[in-house]
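Chemist: Contents of coords05.txt (compact mmCIF, C-alpha atoms) are given next:
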# COMPACT_ATOMS: atom_id res chain seq x y z
CA MET C 20 59.58 102.34 83.09
CA ASP C 21 56.65 104.71 82.52
CA ALA C 22 54.24 106.27 85.05
CA ARG C 23 51.58 103.61 84.32
CA GLN C 24 53.98 100.80 85.28
CA ILE C 25 54.97 102.53 88.51
CA GLU C 26 51.29 103.15 89.29
CA GLN C 27 50.44 99.48 88.75
CA SER C 28 53.34 98.17 90.83
CA ALA C 29 52.48 96.06 93.86
CA THR C 30 54.43 95.75 97.05
CA SER C 31 54.09 91.97 97.35
CA LEU C 32 51.94 88.91 96.78
CA ASP C 33 51.77 86.12 99.36
CA VAL C 34 51.71 82.38 98.69
CA THR C 35 47.88 82.24 98.74
CA GLN C 36 47.70 84.88 96.00
CA LEU C 37 50.44 83.10 94.02
CA MET C 38 48.53 79.81 94.14
CA LYS C 39 45.61 81.57 92.45
CA MET C 40 47.98 82.57 89.62
CA LEU C 41 50.11 79.43 89.27
CA PRO C 42 49.02 75.80 88.85
CA HIS C 43 51.97 74.53 90.92
CA ARG C 44 51.43 73.00 94.35
CA TYR C 45 53.70 71.47 96.95
CA PRO C 46 56.19 69.98 96.42
CA MET C 47 56.66 71.79 93.07
CA LEU C 48 55.69 75.31 94.15
CA MET C 49 59.12 77.00 94.17
CA VAL C 50 58.15 80.56 95.13
CA ASP C 51 56.68 81.62 98.49
CA ARG C 52 56.20 85.33 97.86
CA LEU C 53 56.59 87.95 95.14
CA GLU C 54 58.08 91.35 96.03
CA GLU C 55 58.98 94.59 94.27
CA ILE C 56 56.63 93.87 91.37
CA VAL C 57 56.79 96.26 88.44
CA VAL C 58 54.02 95.34 85.99
CA ASP C 59 55.26 94.05 82.64
CA HIS C 60 58.88 94.56 83.73
CA SER C 61 60.32 92.83 86.83
CA ALA C 62 59.77 91.17 90.20
CA ILE C 63 61.61 89.41 93.00
CA GLY C 64 60.46 85.95 94.05
CA ILE C 65 61.25 84.65 97.52
CA LYS C 66 61.88 80.94 98.14
CA ASN C 67 62.54 79.87 101.73
CA VAL C 68 64.59 76.70 101.45
CA SER C 69 63.60 74.10 104.07
CA VAL C 70 65.30 70.82 104.97
CA ASN C 71 61.82 69.19 104.89
CA GLU C 72 61.56 69.48 101.10
CA PRO C 73 61.47 66.08 99.36
CA CYS C 74 64.46 66.77 97.08
CA PHE C 75 66.81 66.77 100.07
CA GLN C 76 66.12 63.10 100.84
CA GLY C 77 68.23 62.15 97.85
CA HIS C 78 70.19 65.31 96.91
CA PHE C 79 72.35 64.52 98.83
CA PRO C 80 71.90 62.46 102.03
CA GLY C 81 74.06 64.04 104.72
CA LYS C 82 74.87 67.07 102.47
CA PRO C 83 71.56 68.62 101.35
CA ILE C 84 71.95 70.87 98.29
CA MET C 85 69.08 72.41 96.33
CA PRO C 86 69.20 71.01 92.77
CA GLY C 87 70.08 73.57 90.11
CA VAL C 88 67.02 72.63 88.07
CA LEU C 89 64.81 73.63 91.00
CA ILE C 90 66.57 76.99 91.23
CA ILE C 91 65.85 77.50 87.52
CA GLU C 92 62.26 76.38 88.15
CA SER C 93 61.93 79.04 90.86
CA MET C 94 63.07 81.61 88.28
CA ALA C 95 60.45 80.33 85.83
CA GLN C 96 57.66 80.41 88.41
CA THR C 97 58.61 83.93 89.49
CA ALA C 98 58.47 85.05 85.85
CA ALA C 99 55.19 83.19 85.26
CA ALA C 100 53.59 84.92 88.25
CA LEU C 101 54.81 88.28 86.90
CA VAL C 102 53.29 87.48 83.48
CA VAL C 103 49.93 86.46 84.98
CA TYR C 104 49.91 89.48 87.30
CA SER C 105 50.82 91.82 84.43
CA LEU C 106 48.06 90.46 82.16
CA GLY C 107 45.45 90.61 84.92
CA GLY C 108 42.02 89.13 84.16
CA THR C 109 42.97 88.27 80.58
CA SER C 110 45.34 85.57 81.89
CA GLU C 111 42.69 83.54 83.73
CA GLY C 112 42.76 79.88 82.73
CA LYS C 113 46.12 80.18 80.94
CA LEU C 114 49.42 78.46 81.69
CA VAL C 115 53.00 79.60 81.13
CA TYR C 116 55.37 77.00 79.63
CA PHE C 117 59.16 76.98 79.24
CA MET C 118 60.39 77.21 75.64
CA SER C 119 64.13 77.58 76.17
CA ILE C 120 66.81 78.04 78.81
CA GLU C 121 70.05 79.72 77.79
CA ASN C 122 73.33 80.52 79.50
CA ALA C 123 72.42 78.88 82.81
CA ARG C 124 75.24 79.27 85.31
CA PHE C 125 75.49 77.99 88.86
CA ARG C 126 77.83 79.94 91.13
CA ARG C 127 77.08 78.99 94.76
CA LEU C 128 75.37 76.14 96.59
CA VAL C 129 71.88 76.71 97.99
CA VAL C 130 71.21 74.78 101.20
CA PRO C 131 68.39 74.41 103.74
CA GLY C 132 68.00 77.56 105.80
CA ASP C 133 68.82 79.84 102.87
CA THR C 134 66.37 82.44 101.58
CA LEU C 135 66.61 82.49 97.81
CA ARG C 136 65.80 85.87 96.23
CA VAL C 137 64.99 85.40 92.56
CA HIS C 138 65.30 88.59 90.50
CA VAL C 139 63.55 88.39 87.13
CA GLU C 140 63.44 91.03 84.44
CA LYS C 141 61.60 90.93 81.13
CA ILE C 142 63.96 91.31 78.20
CA HIS C 143 61.21 91.42 75.61
CA LYS C 144 57.73 90.19 74.72
CA ARG C 145 56.29 89.31 71.34
CA SER C 146 52.68 88.15 71.20
CA ASN C 147 52.38 85.36 73.81
CA VAL C 148 56.16 84.72 74.08
CA TRP C 149 58.13 86.37 76.89
CA LYS C 150 61.91 86.37 77.37
CA PHE C 151 63.45 86.91 80.82
CA ARG C 152 66.77 87.22 82.53
CA GLY C 153 66.85 85.67 85.99
CA GLU C 154 69.31 85.81 88.83
CA ALA C 155 69.00 83.86 92.10
CA LYS C 156 70.80 85.20 95.16
CA VAL C 157 71.34 84.29 98.79
CA GLY C 158 72.20 87.52 100.52
CA ASP C 159 74.42 89.40 98.08
CA ALA C 160 75.91 86.25 96.55
CA ILE C 161 74.70 85.18 93.10
CA CYS C 162 73.84 81.48 93.19
CA ALA C 163 72.51 81.01 89.66
CA GLU C 164 71.61 82.97 86.56
CA ALA C 165 69.92 82.21 83.25
CA THR C 166 68.08 83.66 80.31
CA TYR C 167 64.88 81.84 79.40
CA THR C 168 61.83 82.08 77.18
CA ALA C 169 58.27 81.10 78.04
CA MET C 170 54.94 81.05 76.26
CA ILE C 171 51.53 81.72 77.77
CA VAL C 172 48.83 79.48 76.31
CA ASP C 173 45.11 78.85 76.72
CA GLU C 174 44.53 75.65 78.61
If you convert what's in this file into structure tokens, what do you get?
Modeler:
Amino acid sequence: MDARQIEQSATSLDVTQLMKMLPHRYPMLMVDRLEEIVVDHSAIGIKNVSVNEPCFQGHFPGKPIMPGVLIIESMAQTAAALVVYSLGGTSEGKLVYFMSIENARFRRLVVPGDTLRVHVEKIHKRSNVWKFRGEAKVGDAICAEATYTAMIVDE
């Protein structure tokens, strides 16, 4: 990490700022806040898991568990917000799309009341394609991890 990246690091972005960067809205917005942002490098997304979320009506009645695909989606949205934040004004009007998901592993259940901390780190970037490693944690326990690739495109 060079001095420019440290200089351009933000403390956090709230949900209102994230909604300006991401097209997702409830019930598909899977990140509530971004913390510890290091431009063009890494960030931590925060997802407060609530029993009121629609997925818990059917996954599973009487034993609510956050679906693994939504945990992966929270990783993707955290990375997308980092991409948009890193690109600044040049990213206006663009969307970030999944290209691949590799080595996804689920280690612990995520349930209502948990605060999911999604750590994302850029592995590399080539043109408009970004590759990330993501790790979702509740407390110190790793719940899920994956490597994934996304592309930013003009809409």
Chemist: I'd like the interatomic distance between atom CA of Pro42 of chain C and atom CA of Ala169 of chain C, to a tenth of an Å.
Modeler: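 According to the coordinates, atom CA of Pro42 of chain C and atom CA of Ala169 of chain C are separated by 15.2 Å.
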Chemist: List the spatial neighbours of segment 92-101 of chain C as a tab-separated table (two decimals) with C-alpha atoms, in the coordinates of the input - criterion: any atom at most 8 Å away, all atoms listed in the file, same-chain residues fewer than 5 positions off excluded.
Modeler:
chain	number	residue	atom	x	y	z
C	37	LEU	CA	50.44	83.10	94.02
C	40	MET	CA	47.98	82.57	89.62
C	41	LEU	CA	50.11	79.43	89.27
C	48	LEU	CA	55.69	75.31	94.15
C	49	MET	CA	59.12	77.00	94.17
C	50	VAL	CA	58.15	80.56	95.13
C	53	LEU	CA	56.59	87.95	95.14
C	56	ILE	CA	56.63	93.87	91.37
C	58	VAL	CA	54.02	95.34	85.99
C	59	ASP	CA	55.26	94.05	82.64
C	61	SER	CA	60.32	92.83	86.83
C	62	ALA	CA	59.77	91.17	90.20
C	63	ILE	CA	61.61	89.41	93.00
C	64	GLY	CA	60.46	85.95	94.05
C	66	LYS	CA	61.88	80.94	98.14
C	115	VAL	CA	53.00	79.60	81.13
C	117	PHE	CA	59.16	76.98	79.24
C	137	VAL	CA	64.99	85.40	92.56
C	138	HIS	CA	65.30	88.59	90.50
C	139	VAL	CA	63.55	88.39	87.13
C	140	GLU	CA	63.44	91.03	84.44
C	151	PHE	CA	63.45	86.91	80.82
C	153	GLY	CA	66.85	85.67	85.99
C	154	GLU	CA	69.31	85.81	88.83
C	155	ALA	CA	69.00	83.86	92.10
C	167	TYR	CA	64.88	81.84	79.40
Chemist: Find the distance between atom CA of Met118 of chain C and atom CA of Asp159 of chain C and write it in Å to one decimal.
Modeler: 29.1 Å
Chemist: List the spatial neighbours of Gly158 of chain C as a VMD selection string - criterion: any atom at most 9 Å away, all atoms listed in the file, same-chain residues fewer than 6 positions off excluded.
Modeler: chain C and resid 133 to 136
Chemist: Between atom CA of Arg152 of chain C and atom CA of Val172 of chain C, what is the spacing in Å?
Modeler: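 Atom-to-atom, atom CA of Val172 of chain C to atom CA of Arg152 of chain C, that is 20.5 Å.
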Chemist: Compare C:Leu114, C:Leu128, C:Ala123, C:Met47 by their minimum atom-to-atom distance to Pro86 of chain C, counting only C-alpha atoms, and give me the closest one.
Modeler: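 For Pro86 of chain C, the nearest of the candidates is C:Leu128.
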Chemist: Taking only C-alpha atoms into account, which of C:Ile171, C:Tyr104, C:Ile84, C:Val130 comes nearest Tyr116 of chain C?
Modeler: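 Among the listed residues, C:Ile171 lies closest to Tyr116 of chain C.
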Chemist: Between C:Thr109, C:Asn147, C:Ser69, C:Gln76, which one has atoms that come closest to Val129 of chain C, using all atoms listed in the file?
Modeler: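 With all atoms listed in the file as the atom set, the closest residue is C:Ser69.
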